[in-house]
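Undergrad: Just one file: work-v7.txt, with compact mmCIF, C-alpha atoms.
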```txt
# COMPACT_ATOMS: atom_id res chain seq x y z
CA MET A 1 0.00 0.00 0.00
CA SER A 2 1.44 3.39 -0.92
CA ALA A 3 1.80 6.19 1.62
CA PRO A 4 -0.96 8.81 1.56
CA THR A 5 -0.13 12.06 -0.20
CA PRO A 6 0.52 14.93 2.20
CA GLN A 7 -2.73 16.64 1.16
CA ALA A 8 -4.83 13.59 2.00
CA ALA A 9 -3.07 12.60 5.22
CA ALA A 10 -4.46 13.29 8.66
CA ASP A 11 -2.50 15.63 10.90
CA HIS A 12 -1.26 12.80 13.09
CA ASP A 13 0.05 10.98 10.00
CA LEU A 14 1.89 14.11 8.95
CA VAL A 15 3.37 14.52 12.41
CA ALA A 16 4.54 10.90 12.31
CA ALA A 17 5.98 11.40 8.82
CA TYR A 18 7.82 14.53 9.92
CA ARG A 19 9.26 12.72 12.91
CA SER A 20 10.52 10.04 10.54
CA GLY A 21 12.40 12.72 8.64
CA ASP A 22 9.92 13.78 5.95
CA GLU A 23 10.18 17.57 5.78
CA ARG A 24 7.36 17.79 3.22
CA ALA A 25 5.05 16.72 6.01
CA ALA A 26 6.14 19.75 8.04
CA THR A 27 5.44 22.00 5.06
CA GLU A 28 1.96 20.53 4.71
CA LEU A 29 1.24 21.13 8.40
CA VAL A 30 2.35 24.73 7.99
CA ARG A 31 0.18 25.13 4.90
CA ARG A 32 -2.83 23.76 6.76
CA HIS A 33 -2.58 25.66 10.00
CA ALA A 34 -0.41 28.78 9.73
CA HIS A 35 -3.21 31.07 8.58
CA ALA A 36 -5.63 29.87 11.26
CA VAL A 37 -2.94 30.34 13.91
CA GLY A 38 -2.36 33.87 12.60
CA ARG A 39 -6.06 34.70 12.82
CA PHE A 40 -6.24 33.27 16.32
CA LEU A 41 -3.28 35.40 17.40
CA TYR A 42 -4.70 38.51 15.78
CA SER A 43 -8.12 37.91 17.31
CA SER A 44 -6.49 37.38 20.69
CA GLY A 45 -4.86 40.79 20.58
CA ALA A 46 -1.57 40.40 18.72
CA MET A 47 -0.41 43.42 16.73
CA PRO A 48 -0.93 42.76 13.01
CA GLY A 49 2.72 43.54 12.33
CA ASP A 50 3.76 40.90 14.86
CA VAL A 51 1.51 38.11 13.61
CA ASP A 52 3.94 36.53 11.12
CA ASP A 53 6.73 36.34 13.69
CA LEU A 54 4.37 34.96 16.32
CA VAL A 55 3.08 32.33 13.90
CA GLN A 56 6.61 31.23 13.18
CA GLU A 57 7.45 31.15 16.88
CA THR A 58 4.31 29.09 17.55
CA LEU A 59 5.28 26.58 14.86
CA PHE A 60 8.85 26.44 16.16
CA ARG A 61 7.62 25.71 19.69
CA ALA A 62 5.19 23.12 18.37
CA PHE A 63 7.74 21.23 16.27
CA ARG A 64 10.20 21.39 19.14
CA ALA A 65 7.71 19.75 21.48
CA LEU A 66 5.73 17.37 19.28
CA ASP A 67 5.85 14.77 22.04
CA GLY A 68 3.57 17.10 23.97
CA TRP A 69 0.72 16.63 21.47
CA ARG A 70 -1.19 13.69 22.86
CA ARG A 71 -3.83 13.66 20.10
CA GLU A 72 -6.59 14.14 22.65
CA ALA A 73 -7.20 17.48 20.99
CA SER A 74 -6.83 18.34 17.33
CA PHE A 75 -3.43 19.50 16.16
CA ARG A 76 -4.85 22.94 15.43
CA SER A 77 -6.37 23.31 18.91
CA TRP A 78 -3.01 22.32 20.33
CA LEU A 79 -1.33 24.99 18.21
CA PHE A 80 -3.82 27.53 19.52
CA THR A 81 -2.95 26.72 23.13
CA ILE A 82 0.74 27.17 22.26
CA SER A 83 -0.11 30.51 20.61
CA SER A 84 -2.00 31.57 23.67
CA ASN A 85 0.94 30.75 25.95
CA LEU A 86 3.21 32.61 23.57
CA LEU A 87 0.99 35.70 23.72
CA LYS A 88 1.01 35.53 27.49
CA ASP A 89 4.83 35.39 27.45
CA GLU A 90 4.98 38.33 25.05
CA TYR A 91 2.55 40.29 27.17
CA ARG A 92 4.72 39.74 30.24
CA LYS A 93 7.88 40.58 28.32
CA ARG A 94 6.41 43.87 27.22
CA LYS A 95 4.79 44.39 30.61
CA GLY A 96 1.40 44.72 29.00
CA ARG A 97 2.39 47.44 26.60
CA GLN A 98 1.31 47.46 22.97
CA MET A 99 -0.03 43.97 22.64
CA LEU A 100 -3.41 44.97 21.36
CA SER A 101 -3.65 46.99 18.21
CA ILE A 102 -6.67 49.23 18.57
CA HIS A 103 -6.34 50.56 15.05
CA ASP A 104 -6.28 48.37 12.02
CA HIS A 105 -4.39 50.78 9.78
CA ASP A 106 -1.40 48.44 9.67
CA LEU A 107 -3.42 45.34 8.86
CA PRO A 108 -1.90 43.80 5.73
CA ASP A 109 -3.83 43.66 2.47
CA ARG A 110 -7.46 43.00 3.13
CA SER A 111 -9.43 40.84 0.78
CA ASP A 112 -11.90 43.69 0.49
CA PRO A 113 -9.86 46.92 0.49
CA ALA A 114 -13.01 49.05 0.35
CA GLY A 115 -14.37 47.15 3.31
CA ASP A 116 -17.26 48.51 5.23
CA LEU A 117 -16.05 51.07 7.75
CA ALA A 118 -18.77 50.13 10.20
CA ALA A 119 -17.69 46.49 10.06
CA SER A 120 -14.10 47.55 10.63
CA GLU A 121 -15.09 49.55 13.69
CA ALA A 122 -17.09 46.59 14.96
CA GLU A 123 -14.01 44.39 14.47
CA GLN A 124 -11.95 46.80 16.51
CA ARG A 125 -14.52 46.84 19.26
CA LEU A 126 -14.69 43.07 19.17
CA ARG A 127 -10.92 42.68 19.43
CA ALA A 128 -10.83 45.15 22.27
CA GLY A 129 -13.64 43.21 23.98
CA LEU A 130 -11.89 39.88 23.42
CA SER A 131 -8.75 41.23 25.04
CA THR A 132 -10.69 41.96 28.21
CA LEU A 133 -12.05 38.42 28.54
CA PRO A 134 -10.46 35.90 30.88
CA ARG A 135 -8.08 33.73 28.90
CA LEU A 136 -10.16 30.55 29.06
CA GLN A 137 -13.33 32.36 27.98
CA ARG A 138 -11.51 33.94 25.05
CA GLU A 139 -9.97 30.67 23.91
CA VAL A 140 -13.23 28.76 24.17
CA PHE A 141 -15.06 31.50 22.32
CA LEU A 142 -12.54 31.71 19.47
CA LEU A 143 -12.24 27.96 19.08
CA ARG A 144 -16.02 27.69 18.89
CA ALA A 145 -16.99 30.80 16.93
CA GLN A 146 -14.00 31.08 14.61
CA GLU A 147 -13.17 27.43 14.07
CA GLY A 148 -16.49 25.73 14.78
CA THR A 149 -14.74 23.34 17.17
CA GLU A 150 -17.07 21.10 19.15
CA TYR A 151 -17.23 21.53 22.92
CA GLU A 152 -15.81 18.04 23.49
CA GLN A 153 -12.72 18.93 21.45
CA ILE A 154 -12.41 22.33 23.10
CA ALA A 155 -12.61 20.72 26.51
CA ARG A 156 -9.85 18.25 25.66
CA ALA A 157 -7.66 21.00 24.22
CA LEU A 158 -8.06 23.32 27.17
CA GLY A 159 -8.24 20.78 29.97
CA THR A 160 -11.80 21.45 30.99
CA THR A 161 -15.18 19.73 30.61
CA PRO A 162 -17.57 20.16 27.70
CA GLY A 163 -20.16 21.57 30.09
CA ALA A 164 -17.73 24.12 31.47
CA ALA A 165 -16.63 25.04 27.94
CA ARG A 166 -20.24 25.70 27.00
CA VAL A 167 -20.67 27.97 30.02
CA HIS A 168 -17.47 29.86 29.16
CA TYR A 169 -18.71 30.31 25.60
CA HIS A 170 -22.04 31.74 26.72
CA HIS A 171 -20.39 34.06 29.22
CA ALA A 172 -18.17 35.36 26.41
CA VAL A 173 -21.15 35.80 24.08
CA LYS A 174 -23.04 37.69 26.74
CA ARG A 175 -20.15 40.08 27.29
CA LEU A 176 -19.29 40.55 23.63
CA LYS A 177 -22.58 40.85 21.83
CA GLU A 178 -23.31 44.27 23.22
CA LEU A 179 -20.12 45.46 21.55
CA VAL A 180 -21.12 44.56 18.03
CA ARG A 181 -24.75 45.68 17.96
CA MET B 1 -33.35 23.20 25.22
CA THR B 2 -34.94 26.40 24.00
CA GLN B 3 -34.99 27.47 20.37
CA CYS B 4 -32.47 30.23 21.23
CA GLU B 5 -30.05 27.65 22.67
CA ARG B 6 -30.50 25.40 19.64
CA LEU B 7 -29.69 28.29 17.32
CA SER B 8 -26.76 29.32 19.45
CA ASP B 9 -25.28 25.84 19.15
CA ARG B 10 -25.66 25.85 15.37
CA MET B 11 -24.40 29.36 14.68
CA PRO B 12 -20.69 28.57 14.20
CA ASP B 13 -21.45 25.79 11.70
CA VAL B 14 -23.82 27.99 9.71
CA ALA B 15 -21.42 30.96 9.83
CA LEU B 16 -18.60 28.74 8.55
CA GLY B 17 -20.80 27.46 5.71
CA ARG B 18 -20.89 23.90 6.99
CA SER B 19 -24.64 23.98 7.41
CA ASP B 20 -27.66 26.17 6.69
CA TRP B 21 -30.64 27.38 8.70
CA THR B 22 -33.83 25.40 8.49
CA PRO B 23 -36.96 27.46 7.67
CA GLU B 24 -38.04 27.24 11.33
CA GLU B 25 -34.67 28.45 12.55
CA ARG B 26 -34.67 31.28 10.05
CA GLU B 27 -38.12 32.31 11.20
CA HIS B 28 -36.99 32.36 14.83
CA LEU B 29 -33.87 34.33 13.97
CA GLU B 30 -35.89 37.01 12.21
CA ALA B 31 -38.08 37.44 15.26
CA CYS B 32 -35.53 37.20 18.10
CA ALA B 33 -33.35 40.26 18.79
CA ASP B 34 -31.15 38.30 21.20
CA CYS B 35 -30.35 35.63 18.62
CA GLN B 36 -29.76 38.31 15.99
CA ALA B 37 -27.15 39.98 18.23
CA GLU B 38 -25.41 36.66 18.83
CA TRP B 39 -25.54 35.79 15.14
CA ALA B 40 -23.93 39.13 14.27
CA LEU B 41 -21.21 38.45 16.84
CA VAL B 42 -20.49 34.94 15.54
CA ARG B 43 -20.36 36.09 11.92
CA LEU B 44 -18.06 38.98 12.80
CA THR B 45 -15.79 36.67 14.79
CA GLY B 46 -15.66 34.30 11.83
CA ARG B 47 -14.38 37.17 9.68
CA LEU B 48 -11.94 38.49 12.26
CA GLY B 49 -8.43 38.44 10.85
CA ALA B 50 -9.60 37.04 7.53
CA GLY B 51 -7.74 39.94 5.91
CA LEU B 52 -4.44 38.62 7.18
CA VAL B 53 -2.49 37.27 4.27
CA PRO B 54 -1.95 33.52 4.50
CA PRO B 55 1.68 32.49 4.04
CA SER B 56 2.17 32.62 0.27
CA ASP B 57 5.02 30.17 0.54
CA PRO B 58 4.42 27.60 3.27
CA GLU B 59 7.57 25.83 2.16
CA ALA B 60 9.63 28.92 3.02
CA VAL B 61 7.93 29.26 6.42
CA SER B 62 8.44 25.60 7.17
CA ALA B 63 12.07 25.77 6.00
CA ALA B 64 12.68 28.74 8.30
CA VAL B 65 11.12 26.89 11.24
CA LEU B 66 13.13 23.73 10.53
CA ARG B 67 16.36 25.75 10.24
CA ARG B 68 15.67 27.29 13.63
CA LEU B 69 14.96 23.85 15.04
CA ALA B 70 18.22 22.45 13.68
CA SER B 71 20.16 25.36 15.10
CA TYR B 72 18.34 25.06 18.43
CA ARG B 73 19.10 21.34 18.67
CA ALA B 74 22.75 21.86 17.77
CA GLY B 75 22.99 24.60 20.40
CA SER B 76 21.25 22.37 22.90
CA SER B 77 23.78 19.56 22.31
CA ARG B 78 26.64 22.02 22.73
CA ARG B 79 25.14 23.36 25.95
CA ARG B 80 24.79 19.81 27.29
CA ALA B 81 28.37 19.01 26.37
CA TRP B 82 29.64 22.18 28.05
CA LEU B 83 27.50 21.48 31.07
CA ALA B 84 28.85 17.93 31.39
CA ALA B 85 32.42 19.18 30.97
CA GLY B 86 31.80 21.91 33.52
CA LEU B 87 30.36 19.50 36.05
CA ALA B 88 33.27 17.12 35.51
CA ALA B 89 35.76 19.94 36.08
CA ALA B 90 33.91 21.11 39.19
CA ALA B 91 33.83 17.55 40.52
CA ALA B 92 37.55 17.16 39.91
CA VAL B 93 38.26 20.34 41.88
CA ILE B 94 36.06 19.14 44.73
CA ILE B 95 37.78 15.77 44.81
CA VAL B 96 41.23 17.29 44.91
CA VAL B 97 40.32 19.75 47.67
CA ARG B 98 38.07 17.57 49.80
CA ILE B 99 39.81 14.21 49.89
CA PRO B 100 42.92 15.37 51.69
CA ARG B 101 40.77 17.23 54.26
CA ALA B 102 38.54 14.24 54.84
CA ALA B 103 41.56 12.05 55.24
CA ASP B 104 43.05 14.52 57.72
CA ARG B 105 40.00 14.35 59.91
CA SER B 106 39.90 10.60 60.15
CA ASN B 107 43.50 9.47 59.92
CA PRO B 108 46.85 10.26 61.45
CA PRO B 109 49.70 10.93 59.07
CA ILE B 110 51.76 8.12 57.69
CA PRO B 111 55.47 8.57 57.93
CA GLY B 112 57.14 9.30 54.69
CA VAL B 113 54.15 10.49 52.65
CA ALA B 114 53.21 13.67 54.45
CA VAL B 115 53.37 16.76 52.39
CA ASN B 116 54.31 19.94 54.15
CA PRO B 117 53.78 23.45 52.99
CA PRO B 118 56.84 25.14 51.57
CA GLY B 119 59.19 26.59 54.14
CA ARG B 120 57.89 24.48 56.95
CA PRO B 121 60.25 21.81 58.20
CA SER B 122 59.12 18.28 58.75
CA SER B 123 58.79 17.07 62.28
CA ALA B 124 62.15 16.11 63.69
CA THR B 125 60.81 13.14 65.56
CA PRO B 126 58.99 10.58 63.51
CA PRO B 127 55.43 9.98 64.68
CA ALA B 128 54.45 6.69 66.20
CA PRO B 129 53.44 4.06 63.68
CA SER B 130 49.75 4.10 62.98
CA THR B 131 47.59 1.21 64.05
CA LEU B 132 44.91 2.23 61.56
CA PRO B 133 45.05 0.91 58.01
CA ALA B 134 43.59 4.12 56.67
CA PRO B 135 45.27 5.89 53.82
CA ALA B 136 46.77 9.03 55.16
CA VAL B 137 47.68 11.13 52.19
CA ALA B 138 48.51 14.36 53.92
CA ASN B 139 49.14 15.78 57.32
CA ALA B 140 47.16 18.55 59.00
CA ASP B 141 48.95 21.33 57.14
CA ALA B 142 48.93 19.73 53.75
CA LYS B 143 46.89 21.33 50.96
CA VAL B 144 47.08 19.13 47.90
CA LEU B 145 48.79 15.85 47.38
CA PRO B 146 50.58 15.85 44.04
CA LEU B 147 49.29 12.98 41.95
CA PRO B 148 52.73 11.37 41.45
CA GLU B 149 52.84 10.75 45.20
CA LEU B 150 50.01 8.28 44.81
CA ASP B 151 52.72 6.01 43.50
CA ASP B 152 54.16 5.89 47.00
CA LEU B 153 50.95 4.68 48.61
CA GLN B 154 50.33 1.06 49.43
CA ALA B 155 47.56 -0.92 47.78
CA SER B 156 45.34 -0.78 50.87
CA GLU B 157 45.73 2.99 50.99
CA LEU B 158 44.82 3.36 47.35
CA GLU B 159 41.80 1.11 47.90
CA SER B 160 40.72 3.33 50.71
CA ILE B 161 40.97 6.43 48.53
CA LEU B 162 38.90 4.74 45.85
CA GLY B 163 36.38 3.79 48.51
CA SER B 164 36.00 7.38 49.53
CA LEU B 165 35.40 8.33 45.88
CA ASP B 166 32.57 5.81 45.64
CA ASP B 167 31.03 6.92 48.92
CA PRO B 168 27.60 8.34 48.11
CA SER B 169 28.01 10.82 50.94
CA SER B 170 31.09 12.19 49.27
CA ALA B 171 30.79 15.80 48.21
CA ALA B 172 31.90 14.98 44.71
CA PRO B 173 28.98 14.83 42.28
CA SER B 174 28.45 12.00 39.85
CA LEU B 175 30.34 12.50 36.65
CA ASP B 176 28.26 10.35 34.38
CA GLY B 177 25.71 13.12 33.76
CA SER B 178 22.95 10.59 33.10
CA GLY B 179 20.51 12.49 35.31
CA LEU B 180 20.82 15.48 33.00
CA ASP B 181 18.74 13.72 30.40
CA GLU B 182 15.77 14.18 32.66
CA PHE B 183 16.18 17.95 32.61
CA ASP B 184 14.47 20.01 30.00
CA ASP B 185 16.40 22.70 28.21
CA HIS B 186 15.18 25.43 30.49
CA GLU B 187 16.35 23.52 33.56
CA LEU B 188 19.67 22.82 31.91
CA GLU B 189 20.05 26.53 31.21
CA GLN B 190 19.37 27.26 34.87
CA VAL B 191 21.91 24.68 36.02
CA LEU B 192 24.45 26.11 33.62
CA GLU B 193 23.78 29.67 34.75
CA ALA B 194 24.04 28.68 38.41
CA TRP B 195 27.28 26.87 37.75
CA GLU B 196 28.72 29.80 35.80
CA GLY B 197 27.66 32.17 38.54
```
Is it possible to give me this structure as structure tokens?
TA:
Amino acid sequence: MSAPTPQAAADHDLVAAYRSGDERAATELVRRHAHAVGRFLYSSGAMPGDVDDLVQETLFRAFRALDGWRREASFRSWLFTISSNLLKDEYRKRKGRQMLSIHDHDLPDRSDPAGDLAASEAEQRLRAGLSTLPRLQREVFLLRAQEGTEYEQIARALGTTPGAARVHYHHAVKRLKELVR
Amino acid sequence: MTQCERLSDRMPDVALGRSDWTPEEREHLEACADCQAEWALVRLTGRLGAGLVPPSDPEAVSAAVLRRLASYRAGSSRRRAWLAAGLAAAAAVIIVVRIPRAADRSNPPIPGVAVNPPGRPSSATPPAPSTLPAPAVANADAKVLPLPELDDLQASELESILGSLDDPSSAAPSLDGSGLDEFDDHELEQVLEAWEG
């Protein structure tokens, strides 16, 4: 039986292939997840100009510690938890200064350059609101609303229960929805 | 479960295009201000950061990450090697300094092998022969026994020195470094920093 092509392989197959020395598997993992990790970082308060570096740092930390991925959560959820730890480290390093970009003027090329100003303002309010949430609430909310991750998966990724994840999600919704009306 | 809760659970899937509203759900959404606010929030969150440019060349990103990894691992091996060498050197210093002192405390000097500090004459009267078989390698004033003088010691004295090296209560740390494998890199850095002062 021939080995699956990188595009068709599951994440855990790619991780195994990379650990056996196949660097194409690493490239495929990057292709699959780098953009989502960038969006997660941006949504969590990273400065747009820092996102690329933070994505690379997240991937570096992940590949360095692949033994830490126990496959209880999806590879992407695991990357998000690494990103979140990284942001926390960065926040401490900068002593809380300049982690959240309130203005989006330095956001790289948007798919819709003439994007709706009102929507842009709502995005800014949402990002500001997300940055005020407790970490677990923010992570649960982003995993659910941005990625559509099921509560069971979220719970495994974040070390909580599906019921608690659901409560965190609804708390976040309650606090955030006033901001985007 | 209320209709609002049902809609809430389905919102991410519908916003991500994995599913669509049923006519009943759509009808509820049009009538419920609370669900409309949540729906707006979920859709906006789904778009958040969508304007970020995905890596145009994942191969380049992955190559950069793998280069960093290779360099990190090489650096890590070097740090471990330096750490092991440093610990071995520290242990050697401890052995050289401590063994003569330990021997002083427990054993009288043996005639003929005592080492005196420069400028200090040896005792004019030879001490009484020891009844202990212990390996005296230095007298009370001795600092370091030059290694060539080991040649002058008897087999039982050398055995005794070796015994003191194997004594787990000895101040000299293990030189095999096998326990270091259990440290992560951060801990190794800390050990190295502590050792380097």
Undergrad: Counting all atoms listed in the file, what is within 9 Å of Ser84 of chain A, bar same-chain residues fewer than 6 positions away, as a ChimeraX atom specification?
TA: /A:40-41,44,135,139
Undergrad: Write out as a list of chain:residue names the residues lying within 12 Å of Leu133 of chain A, counting only C-alpha atoms and excluding same-chain residues fewer than 3 positions away.
TA: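 The contact residues come out as A:Ser43, A:Ser44, A:Gly45, A:Leu126, A:Arg127, A:Ala128, A:Gly129, A:Leu130, A:Leu136, A:Gln137, A:Arg138, A:Glu139, A:Val140, A:Phe141, A:Leu142, A:His168, A:Tyr169, A:His171, A:Ala172, A:Val173, A:Lys174, A:Arg175, A:Leu176.
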Undergrad: Just need the residues of chain B within 10 Å of chain A, counting only C-alpha atoms, so spit them out as an mmCIF file with C-alpha atoms, in the frame of the given file.
TA:
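Okay, selection09.cif is ready:
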```cif
data_model
loop_
_atom_site.group_PDB
_atom_site.id
_atom_site.type_symbol
_atom_site.label_atom_id
_atom_site.label_comp_id
_atom_site.auth_asym_id
_atom_site.auth_seq_id
_atom_site.Cartn_x
_atom_site.Cartn_y
_atom_site.Cartn_z
ATOM 1 C CA GLU B 5 -30.050 27.650 22.670
ATOM 2 C CA SER B 8 -26.760 29.320 19.450
ATOM 3 C CA ASP B 9 -25.280 25.840 19.150
ATOM 4 C CA ARG B 10 -25.660 25.850 15.370
ATOM 5 C CA MET B 11 -24.400 29.360 14.680
ATOM 6 C CA PRO B 12 -20.690 28.570 14.200
ATOM 7 C CA ASP B 13 -21.450 25.790 11.700
ATOM 8 C CA VAL B 14 -23.820 27.990 9.710
ATOM 9 C CA ALA B 15 -21.420 30.960 9.830
ATOM 10 C CA LEU B 16 -18.600 28.740 8.550
ATOM 11 C CA ARG B 18 -20.890 23.900 6.990
ATOM 12 C CA ASP B 34 -31.150 38.300 21.200
ATOM 13 C CA CYS B 35 -30.350 35.630 18.620
ATOM 14 C CA GLN B 36 -29.760 38.310 15.990
ATOM 15 C CA ALA B 37 -27.150 39.980 18.230
ATOM 16 C CA GLU B 38 -25.410 36.660 18.830
ATOM 17 C CA TRP B 39 -25.540 35.790 15.140
ATOM 18 C CA ALA B 40 -23.930 39.130 14.270
ATOM 19 C CA LEU B 41 -21.210 38.450 16.840
ATOM 20 C CA VAL B 42 -20.490 34.940 15.540
ATOM 21 C CA ARG B 43 -20.360 36.090 11.920
ATOM 22 C CA LEU B 44 -18.060 38.980 12.800
ATOM 23 C CA THR B 45 -15.790 36.670 14.790
ATOM 24 C CA GLY B 46 -15.660 34.300 11.830
ATOM 25 C CA ARG B 47 -14.380 37.170 9.680
ATOM 26 C CA LEU B 48 -11.940 38.490 12.260
ATOM 27 C CA GLY B 49 -8.430 38.440 10.850
ATOM 28 C CA ALA B 50 -9.600 37.040 7.530
ATOM 29 C CA GLY B 51 -7.740 39.940 5.910
ATOM 30 C CA LEU B 52 -4.440 38.620 7.180
ATOM 31 C CA VAL B 53 -2.490 37.270 4.270
ATOM 32 C CA PRO B 54 -1.950 33.520 4.500
ATOM 33 C CA PRO B 55 1.680 32.490 4.040
ATOM 34 C CA SER B 56 2.170 32.620 0.270
ATOM 35 C CA ASP B 57 5.020 30.170 0.540
ATOM 36 C CA PRO B 58 4.420 27.600 3.270
ATOM 37 C CA GLU B 59 7.570 25.830 2.160
ATOM 38 C CA ALA B 60 9.630 28.920 3.020
ATOM 39 C CA VAL B 61 7.930 29.260 6.420
ATOM 40 C CA SER B 62 8.440 25.600 7.170
ATOM 41 C CA ALA B 63 12.070 25.770 6.000
ATOM 42 C CA ALA B 64 12.680 28.740 8.300
ATOM 43 C CA VAL B 65 11.120 26.890 11.240
ATOM 44 C CA LEU B 66 13.130 23.730 10.530
ATOM 45 C CA ARG B 67 16.360 25.750 10.240
ATOM 46 C CA ARG B 68 15.670 27.290 13.630
ATOM 47 C CA LEU B 69 14.960 23.850 15.040
ATOM 48 C CA ALA B 70 18.220 22.450 13.680
ATOM 49 C CA TYR B 72 18.340 25.060 18.430
ATOM 50 C CA ARG B 73 19.100 21.340 18.670
#
```
Undergrad: Mind pulling up the distance from atom CA of Arg79 of chain B to atom CA of Trp78 of chain A?
TA: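 Between atom CA of Trp78 of chain A and atom CA of Arg79 of chain B the gap works out to 28.7 Å.
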Undergrad: From the options A:Ala9, A:Ala157, A:Ala46, A:Leu86, which residue's atoms come nearest to Trp69 of chain A, counting all atoms listed in the file?
TA: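 Result for the nearest residue to Trp69 of chain A: A:Ala157.
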Undergrad: Please compute the atom CA of Gly68 of chain A-atom CA of Ile82 of chain A distance, one decimal, in Å.
TA: 10.6 Å
Undergrad: Enter the distance from atom CA of Pro134 of chain A to atom CA of Gly163 of chain A, in Å, rounded to one decimal.
TA: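 Between atom CA of Pro134 of chain A and atom CA of Gly163 of chain A the gap is 17.3 Å.
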Undergrad: Go through A:Thr161, A:Arg125, A:Val167, A:Gln153 and flag the residue nearest Ser77 of chain A, using all atoms listed in the file for the distances.
TA: A:Gln153
